[in-house]
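Please read the structure below before turning to the comments.
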Number of protein chains: 2
Amino acid sequence: MADLARELGVSMTTVSRALSDHFSIGPEMKLKVQKLAKKYNYQPNRMASALRKGQSKLLGIIVPYLEGRFFPKVVRGMETAASRAGYNVVICQSNEDLTHERRNIESLLSAQVAGILVSVSRTTDDFRHFEKVRGRGLPLVFFDRMMPGDALNAVVLDDREGGYLATRHLLAQGGRRVAHFGGLQQLTIYRNRYQGYRDALAEAGLPVEEELTYFGDNTEEAGAEAMRRWLALPNPPDAVFAAGDYAALGAMQEAERQGLVVPTDMAVGGFSNETFTPIAKPSITTVDQRCDEMGQAAVRLLLELIDAQAQGLDFASRQLVLRPELIIRESSQRLGRLSPTPEPLADAAVQ
Amino acid sequence: MADLARELGVSMTTVSRALSDHFSIGPEMKLKVQKLAKKYNYQPNRMASALRKGQSKLLGIIVPYLEGRFFPKVVRGMETAASRAGYNVVICQSNEDLTHERRNIESLLSAQVAGILVSVSRTTDDFRHFEKVRGRGLPLVFFDRMMPGDALNAVVLDDREGGYLATRHLLAQGGRRVAHFGGLQQLTIYRNRYQGYRDALAEAGLPVEEELTYFGDNTEEAGAEAMRRWLALPNPPDAVFAAGDYAALGAMQEAERQGLVVPTDMAVGGFSNETFTPIAKPSITTVDQRCDEMGQAAVRLLLELIDAQAQGLDFASRQLVLRPELIIRESSQRLGRLSPTPEPLADAAVQ
DNA sequence: TTGTAGGCGTTATCAG
DNA sequence: CTGATAACGCCTACAA
């Protein structure tokens with residue numbers, strides 16, 4: 001910058017102002033400076049700028065992992081919204097690990113991000129690192145997985161609704177004994193999906209039977225194990241709603257290994273609309289999580305917080321809830337005629 | 001930091017040195033400072049530090065996208081290696097778009113990263129932004145997809161070998177007319193996979209027939225379109241090696257839609273070991289890309305470059321080539337007896 | 001072993 | 001409209 005100033009015979013102040021399009025600089029001066037900057041390939045040092053201004057155009061994102069369909073899609077949505085507002089993003093993976101998550105927070109604080117978007121790790125049971133962020137006055141928005149409490153900003157999916165829609169659909173397809181593969185219940189998302197399952201059963205006048213619920217990791221192995229247990233029961237289920245697609249797949253495969261036909265003997269529904277769900281045979285009915293919307297909404301909320309803070313305003317904390325979408329595929333469609341139920345329930349989601 | 005110094009009645013220098021574990025500070029002083037820092041929850045401002053030292057502990061990563069299995073896995077490998085060396089990473093997506101890629105480079109330069117790891121976008125045909133990075137003396141390592149030229153550092157997969165192994169396997173399974181779905185040939189990886197295909201054909205004394213090659217995007221639709229064309233030929237192929245798993249899947253599905261049985265009538269091999277390949281029915285034979293190794297190797301190479309540069313040494317540019325692994329699944333295994341070939345070629349990869 | 005002083009590249013303030 | 005100056009938080013010669 002000093003070079004530019006010297007070459008043009010003006011001060012650094014003028015150069016700085018011309019480059020940041022300050023109103024007090026004449027248009028022809030601006031043009032001259034900007035042209036020379038381009039010629040010399042001048043690159044502003046944002047560290048220095050952030051240091052001086054105490055604020056960077058950087059948003060921090062913490063996700064548990066990047067594998068799978070959900071988080072990459074959400075991150076893409078975030079990047080879209082962020083770059084529209086002139087922000088860049090830094091992505092960190094917590095690897096579903098509390099220690100990692102703490103380190104991620106430290107990194108982002110040290111990187112002087114303008115705000116943090118976080119989806120809490122599965123194993124996190126201590127939330128002081130998040131309190132620290134708020135203590136510093138740094139805007140914080142949770143997405144998909146939030147910490148407990150209600151004075152916080154978050155964008156989440158209505159997981160209960162998702163579980164409810166999926167289970168109701170299985171019942172409407174003639175399921176009389178619908179089992180549930182639940183995720184680890186310390187995560188709100190899994191508790192809510194379970195709640196949706198129970199709500200749908202209650203609505204149909206059915207009891208929640210403990211022998212028909214199984215909680216575990218969302219993996220094929222766990223899904224298969226659950227199915228093995230269920231099929232060993234005197235009165236096994238005829239449908240399963242799994243809180244994750246991997247478990248749904250594992251359960252489906254195990255049922256088939258044991259000679260059952262899906263969906264005729266065993267209807268299956270999952271959660272997340274993973275890439276493989278339309279590809280599996282039969283293709284898997286699942287719940288879509290509105291990834292892109294979630295990412296964009298989370299960034300918009302964060303930017304509002306940042307703006308409010310810059311203006312010294314108080315901002316009431318807000319939680320956005322997105323409605324999930326049930327995607328009906330082969331693994332659950334008994335097509336009526338095969339249904340063992342005399343009077344299937346109505347299913348509004350089926351066209 | 002000034003607060004700490006005041007409270008302890010020492011200078012900021014002492015505090016700074018105590019915190020960075022400088023040798024000239026007494027152990028009891030260090031302890032005192034560090035305890036107080038913890039108490040006040042002192043967080044070093046890395047922007048200021050980076051500004052002063054002209055170097056940050058930040059590595060920039062540019063990937064075309066994060067969806068799918070490959071890039072998340074590579075990034076995970078990178079994070080592992082980076083964090084071992086005390087570095088953090090910033091991830092950017094170029095979205096397979098040159099303009100985006102240029103912006104990513106600018107962002108990373110402005111963020112004062114210590115080095116950049118990049119996998120080039122598919123549409124990039126102008127490489128000046130990379131030259132600019134090297135012009136600044138910033139270490140640059142390509143992974144998986146590199147720019148043309150040879151005075152550069154890169155970690156790549158031996159894509160030719162992957163194409164060769166897959167094609168040779170299809171031939172060994174009795175394929176007599178093996179078709180190839182190739183990716184866009186402006187990317188070296190796809191040219192190399194095509195080359196491997198041709199090498200395997202040549203080794204088996206077979207000609208490369210133009211009507212049996214099709215180039216397109218790695219999507220299900222393109223794969224299906226290719227298969228439609230091939231099946232309309234007077235003498236259609238009996239096996240396909242696709243340079244991507246999505247295309248392999250699309251081709252396989254189209255073949256089945258037209259009444260063929262995979263692998264009996266049509267053997268199929270893909271590339272990338274995507275998550276869905278073991279799940280599809282039949283499961284898809286594919287080539288694994290050693291994601292984790294690639295990520296770790298790329299970071300190690302970058303760190304060596306950074307070190308060499310810090311010591312003012314010259315570093316001969318280096319290209320690491322990883323060997324891919326052929327993963328044989330159902331979509332290609334004709335199990336000998338079904339093979340229409342009288343004398344199948346030997347296939348070392350089959351156990 | 002500790003302190004002093006100057007500067008990394010930018011920008012806000014205040015004075016022309 | 002433009003310029004001089006100080007400061008952001010940290011690090012490191014150099015001096016003590």
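FYI, nothing fancy with the structure tokens labels: chains A, B, ... in order, residues from 1 per chain, ligands from 1 as they appear.
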Kindly provide the residues of chain B that approach chain C to within 10 Å, each paired with its closest atom pair and their distance in Å to one decimal, based on only C-alpha atoms (C1' of nucleotides), listed by chain and increasing number, as JSON lines.
```
{"residue": "B:Val10", "atom": "CA", "partner": "C:DT2", "partner_atom": "C1'", "distance": 8.4}
{"residue": "B:Ser11", "atom": "CA", "partner": "C:DG3", "partner_atom": "C1'", "distance": 6.5}
{"residue": "B:Met12", "atom": "CA", "partner": "C:DG3", "partner_atom": "C1'", "distance": 8.8}
{"residue": "B:Thr13", "atom": "CA", "partner": "C:DG3", "partner_atom": "C1'", "distance": 7.3}
{"residue": "B:Thr14", "atom": "CA", "partner": "C:DT2", "partner_atom": "C1'", "distance": 6.9}
{"residue": "B:Phe23", "atom": "CA", "partner": "C:DT1", "partner_atom": "C1'", "distance": 9.8}
{"residue": "B:Ser24", "atom": "CA", "partner": "C:DT1", "partner_atom": "C1'", "distance": 6.2}
{"residue": "B:Ile25", "atom": "CA", "partner": "C:DT1", "partner_atom": "C1'", "distance": 6.4}
{"residue": "B:Gly26", "atom": "CA", "partner": "C:DT1", "partner_atom": "C1'", "distance": 7.3}
{"residue": "B:Ala48", "atom": "CA", "partner": "C:DC8", "partner_atom": "C1'", "distance": 8.4}
{"residue": "B:Ser49", "atom": "CA", "partner": "C:DC8", "partner_atom": "C1'", "distance": 9.1}
{"residue": "B:Ala50", "atom": "CA", "partner": "C:DC8", "partner_atom": "C1'", "distance": 8.8}
{"residue": "B:Leu51", "atom": "CA", "partner": "C:DC8", "partner_atom": "C1'", "distance": 5.4}
{"residue": "B:Arg52", "atom": "CA", "partner": "C:DC8", "partner_atom": "C1'", "distance": 4.4}
{"residue": "B:Lys53", "atom": "CA", "partner": "C:DC8", "partner_atom": "C1'", "distance": 7.3}
{"residue": "B:Gly54", "atom": "CA", "partner": "C:DC8", "partner_atom": "C1'", "distance": 7.4}
```
task = Please report as a list in words which residues of chain D come no farther than 8 Å from chain A, using only C-alpha atoms (C1' of nucleotides).
result =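 Matching residues, ligands excluded from the count: DC1, DT2, DG3, DA7, DC8 and DG9 of chain D.
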message = At a cut-off of 7 Å, which residues of chain A touch chain B? Count only C-alpha atoms and give the answer as a ChimeraX atom specification.
response = /A:43-48,51,66-69,72,90-91,110-111,276,279-281
Just to be explicit: take each residue in the selection above, keep N, CA, C and O atoms, and write the result as a PDB file, in the first residue's frame.
```pdb
ATOM      1  N   GLN A  43      -3.029  -7.089  -2.838  1.00  0.00           N
ATOM      2  CA  GLN A  43      -3.946  -7.955  -2.113  1.00  0.00           C
ATOM      3  C   GLN A  43      -4.056  -7.442  -0.690  1.00  0.00           C
ATOM      4  O   GLN A  43      -3.070  -7.472   0.043  1.00  0.00           O
ATOM      5  N   PRO A  44      -5.193  -6.942  -0.264  1.00  0.00           N
ATOM      6  CA  PRO A  44      -5.266  -6.414   1.102  1.00  0.00           C
ATOM      7  C   PRO A  44      -4.963  -7.499   2.125  1.00  0.00           C
ATOM      8  O   PRO A  44      -5.348  -8.646   1.941  1.00  0.00           O
ATOM      9  N   ASN A  45      -4.284  -7.165   3.151  1.00  0.00           N
ATOM     10  CA  ASN A  45      -3.992  -8.090   4.222  1.00  0.00           C
ATOM     11  C   ASN A  45      -5.134  -8.034   5.242  1.00  0.00           C
ATOM     12  O   ASN A  45      -5.228  -7.125   6.049  1.00  0.00           O
ATOM     13  N   ARG A  46      -5.977  -9.035   5.171  1.00  0.00           N
ATOM     14  CA  ARG A  46      -7.166  -9.000   6.022  1.00  0.00           C
ATOM     15  C   ARG A  46      -6.845  -9.199   7.483  1.00  0.00           C
ATOM     16  O   ARG A  46      -7.638  -8.880   8.343  1.00  0.00           O
ATOM     17  N   MET A  47      -5.686  -9.782   7.736  1.00  0.00           N
ATOM     18  CA  MET A  47      -5.289  -9.934   9.141  1.00  0.00           C
ATOM     19  C   MET A  47      -5.127  -8.545   9.752  1.00  0.00           C
ATOM     20  O   MET A  47      -5.641  -8.277  10.832  1.00  0.00           O
ATOM     21  N   ALA A  48      -4.388  -7.739   9.041  1.00  0.00           N
ATOM     22  CA  ALA A  48      -4.148  -6.389   9.546  1.00  0.00           C
ATOM     23  C   ALA A  48      -5.469  -5.643   9.674  1.00  0.00           C
ATOM     24  O   ALA A  48      -5.741  -4.995  10.680  1.00  0.00           O
ATOM     25  N   LEU A  51      -7.403  -6.973  12.511  1.00  0.00           N
ATOM     26  CA  LEU A  51      -6.772  -6.568  13.761  1.00  0.00           C
ATOM     27  C   LEU A  51      -7.190  -5.148  14.110  1.00  0.00           C
ATOM     28  O   LEU A  51      -7.589  -4.840  15.225  1.00  0.00           O
ATOM     29  N   LEU A  66     -18.074 -34.624   7.834  1.00  0.00           N
ATOM     30  CA  LEU A  66     -18.473 -34.154   6.500  1.00  0.00           C
ATOM     31  C   LEU A  66     -18.923 -35.290   5.605  1.00  0.00           C
ATOM     32  O   LEU A  66     -19.441 -35.067   4.511  1.00  0.00           O
ATOM     33  N   GLU A  67     -18.712 -36.514   6.058  1.00  0.00           N
ATOM     34  CA  GLU A  67     -19.139 -37.639   5.239  1.00  0.00           C
ATOM     35  C   GLU A  67     -20.674 -37.663   5.201  1.00  0.00           C
ATOM     36  O   GLU A  67     -21.327 -37.200   6.129  1.00  0.00           O
ATOM     37  N   GLY A  68     -21.207 -38.252   4.153  1.00  0.00           N
ATOM     38  CA  GLY A  68     -22.661 -38.335   4.058  1.00  0.00           C
ATOM     39  C   GLY A  68     -23.223 -37.164   3.279  1.00  0.00           C
ATOM     40  O   GLY A  68     -22.489 -36.358   2.719  1.00  0.00           O
ATOM     41  N   ARG A  69     -24.529 -37.081   3.233  1.00  0.00           N
ATOM     42  CA  ARG A  69     -25.154 -36.087   2.382  1.00  0.00           C
ATOM     43  C   ARG A  69     -25.494 -34.823   3.137  1.00  0.00           C
ATOM     44  O   ARG A  69     -25.407 -33.718   2.606  1.00  0.00           O
ATOM     45  N   PRO A  72     -22.450 -31.709   4.115  1.00  0.00           N
ATOM     46  CA  PRO A  72     -21.966 -30.987   2.930  1.00  0.00           C
ATOM     47  C   PRO A  72     -23.038 -30.102   2.311  1.00  0.00           C
ATOM     48  O   PRO A  72     -22.767 -28.980   1.902  1.00  0.00           O
ATOM     49  N   VAL A  90     -15.047 -20.713   7.380  1.00  0.00           N
ATOM     50  CA  VAL A  90     -14.027 -21.677   7.796  1.00  0.00           C
ATOM     51  C   VAL A  90     -14.769 -22.886   8.320  1.00  0.00           C
ATOM     52  O   VAL A  90     -15.647 -22.748   9.168  1.00  0.00           O
ATOM     53  N   ILE A  91     -14.427 -24.056   7.824  1.00  0.00           N
ATOM     54  CA  ILE A  91     -15.128 -25.257   8.249  1.00  0.00           C
ATOM     55  C   ILE A  91     -14.227 -26.097   9.151  1.00  0.00           C
ATOM     56  O   ILE A  91     -13.064 -26.301   8.835  1.00  0.00           O
ATOM     57  N   SER A 110      -9.608 -17.743  18.040  1.00  0.00           N
ATOM     58  CA  SER A 110      -8.306 -17.186  17.702  1.00  0.00           C
ATOM     59  C   SER A 110      -8.279 -16.632  16.285  1.00  0.00           C
ATOM     60  O   SER A 110      -7.532 -15.715  15.990  1.00  0.00           O
ATOM     61  N   ALA A 111      -9.060 -17.223  15.417  1.00  0.00           N
ATOM     62  CA  ALA A 111      -9.079 -16.734  14.038  1.00  0.00           C
ATOM     63  C   ALA A 111      -9.946 -15.494  13.905  1.00  0.00           C
ATOM     64  O   ALA A 111     -10.124 -14.963  12.824  1.00  0.00           O
ATOM     65  N   PHE A 276     -27.706 -42.952  -0.938  1.00  0.00           N
ATOM     66  CA  PHE A 276     -27.956 -44.326  -1.364  1.00  0.00           C
ATOM     67  C   PHE A 276     -29.418 -44.742  -1.275  1.00  0.00           C
ATOM     68  O   PHE A 276     -29.796 -45.763  -1.832  1.00  0.00           O
ATOM     69  N   ILE A 279     -31.132 -45.500  -4.378  1.00  0.00           N
ATOM     70  CA  ILE A 279     -30.379 -46.471  -5.167  1.00  0.00           C
ATOM     71  C   ILE A 279     -30.563 -47.889  -4.633  1.00  0.00           C
ATOM     72  O   ILE A 279     -30.535 -48.856  -5.386  1.00  0.00           O
ATOM     73  N   ALA A 280     -30.746 -48.004  -3.312  1.00  0.00           N
ATOM     74  CA  ALA A 280     -30.910 -49.330  -2.722  1.00  0.00           C
ATOM     75  C   ALA A 280     -32.099 -50.033  -3.387  1.00  0.00           C
ATOM     76  O   ALA A 280     -32.967 -49.387  -3.972  1.00  0.00           O
ATOM     77  N   LYS A 281     -32.108 -51.353  -3.288  1.00  0.00           N
ATOM     78  CA  LYS A 281     -33.242 -52.096  -3.805  1.00  0.00           C
ATOM     79  C   LYS A 281     -33.834 -52.917  -2.704  1.00  0.00           C
ATOM     80  O   LYS A 281     -33.160 -53.767  -2.164  1.00  0.00           O
TER      81      LYS A 281
END
```
task = Figure out the distance between atom CA of B:Glu131 and atom CA of A:Tyr40, please, to one decimal in Å.
result =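 Distance reported for this atom pair: 14.7 Å.
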request  = Measure the distance from atom CA of B:Ala298 to atom CA of B:Ala200 in Å and round it to one decimal.
outcome  = 29.3 Å
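Residues in contact range of B:Ala81, defined as at most 8 Å between only C-alpha atoms (C1' of nucleotides), with sequence neighbours fewer than 2 positions away removed, read Gly77, Met78, Glu79, Ser83, Arg84, Ala85, Gly295, Gln296, Val299 and Arg300 of chain B.
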Restricting it to N, CA and C atoms, dump the selection as a PDB file, in the first residue's frame.
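Output file out.pdb follows:
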```pdb
ATOM      1  N   GLY B  77      -8.214 -36.810   6.260  1.00  0.00           N
ATOM      2  CA  GLY B  77      -6.802 -37.184   6.328  1.00  0.00           C
ATOM      3  C   GLY B  77      -5.926 -35.952   6.497  1.00  0.00           C
ATOM      4  N   MET B  78      -6.271 -34.897   5.800  1.00  0.00           N
ATOM      5  CA  MET B  78      -5.500 -33.659   5.893  1.00  0.00           C
ATOM      6  C   MET B  78      -5.567 -33.074   7.301  1.00  0.00           C
ATOM      7  N   GLU B  79      -6.767 -33.056   7.861  1.00  0.00           N
ATOM      8  CA  GLU B  79      -6.916 -32.500   9.198  1.00  0.00           C
ATOM      9  C   GLU B  79      -6.103 -33.297  10.205  1.00  0.00           C
ATOM     10  N   SER B  83      -3.301 -31.302  12.167  1.00  0.00           N
ATOM     11  CA  SER B  83      -3.427 -31.023  13.594  1.00  0.00           C
ATOM     12  C   SER B  83      -2.277 -31.658  14.360  1.00  0.00           C
ATOM     13  N   ARG B  84      -1.753 -32.750  13.833  1.00  0.00           N
ATOM     14  CA  ARG B  84      -0.572 -33.348  14.457  1.00  0.00           C
ATOM     15  C   ARG B  84       0.584 -32.358  14.467  1.00  0.00           C
ATOM     16  N   ALA B  85       0.636 -31.514  13.441  1.00  0.00           N
ATOM     17  CA  ALA B  85       1.735 -30.557  13.350  1.00  0.00           C
ATOM     18  C   ALA B  85       1.335 -29.190  13.899  1.00  0.00           C
ATOM     19  N   GLY B 295      -4.741 -37.459   1.586  1.00  0.00           N
ATOM     20  CA  GLY B 295      -4.814 -36.261   2.407  1.00  0.00           C
ATOM     21  C   GLY B 295      -3.581 -36.102   3.275  1.00  0.00           C
ATOM     22  N   GLN B 296      -3.210 -37.163   3.950  1.00  0.00           N
ATOM     23  CA  GLN B 296      -2.064 -37.075   4.841  1.00  0.00           C
ATOM     24  C   GLN B 296      -0.790 -36.792   4.068  1.00  0.00           C
ATOM     25  N   VAL B 299      -0.563 -33.123   2.985  1.00  0.00           N
ATOM     26  CA  VAL B 299      -0.195 -32.204   4.062  1.00  0.00           C
ATOM     27  C   VAL B 299       1.281 -32.368   4.422  1.00  0.00           C
ATOM     28  N   ARG B 300       1.744 -33.598   4.497  1.00  0.00           N
ATOM     29  CA  ARG B 300       3.156 -33.799   4.827  1.00  0.00           C
ATOM     30  C   ARG B 300       4.042 -33.101   3.811  1.00  0.00           C
TER      31      ARG B 300
END
```
task = To one decimal in Å, tell me the separation between atom CA of B:Asp265 and atom CA of B:Leu170.
result = 12.3 Å
message = Taking only stretch 224-302 of chain B into account, list the residues labelled strand (DSSP E or B) by DSSP (computed from the backbone), as a PyMOL selection string.
response = chain B and resi 239-242+267-269+285-288
Residues of the last selection are to be written out with N, CA and C atoms, as a compact mmCIF listing (two decimals), in the first residue's frame.
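As written to disk, out_28.txt reads:
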```
# COMPACT_ATOMS: atom_id res chain seq x y z
N ALA B 239 -19.50 -55.62 -21.44
CA ALA B 239 -18.93 -55.13 -20.18
C ALA B 239 -18.66 -53.64 -20.33
N VAL B 240 -18.68 -52.92 -19.20
CA VAL B 240 -18.40 -51.49 -19.22
C VAL B 240 -17.49 -51.14 -18.06
N PHE B 241 -16.47 -50.36 -18.39
CA PHE B 241 -15.69 -49.74 -17.33
C PHE B 241 -16.01 -48.25 -17.36
N ALA B 242 -16.63 -47.77 -16.29
CA ALA B 242 -16.98 -46.35 -16.21
C ALA B 242 -15.96 -45.65 -15.32
N ALA B 267 -21.20 -56.92 -17.64
CA ALA B 267 -20.40 -56.70 -16.42
C ALA B 267 -20.11 -55.22 -16.29
N VAL B 268 -20.07 -54.74 -15.05
CA VAL B 268 -19.90 -53.30 -14.84
C VAL B 268 -18.84 -53.02 -13.78
N GLY B 269 -17.97 -52.06 -14.11
CA GLY B 269 -17.00 -51.60 -13.13
C GLY B 269 -17.00 -50.09 -13.06
N THR B 285 -18.47 -53.27 -8.56
CA THR B 285 -17.01 -53.36 -8.58
C THR B 285 -16.46 -51.96 -8.87
N THR B 286 -15.42 -51.57 -8.13
CA THR B 286 -14.94 -50.21 -8.30
C THR B 286 -13.47 -50.10 -7.92
N VAL B 287 -12.94 -48.88 -8.03
CA VAL B 287 -11.53 -48.65 -7.70
C VAL B 287 -11.47 -47.68 -6.51
N ASP B 288 -10.78 -48.09 -5.47
CA ASP B 288 -10.66 -47.23 -4.29
C ASP B 288 -9.47 -46.30 -4.44
```
message = Among stretch 291-339 of chain B, which ones does DSSP assign to alpha helix (DSSP H) (computed from the backbone)? Answer as a ChimeraX atom specification.
response = /B:291-310
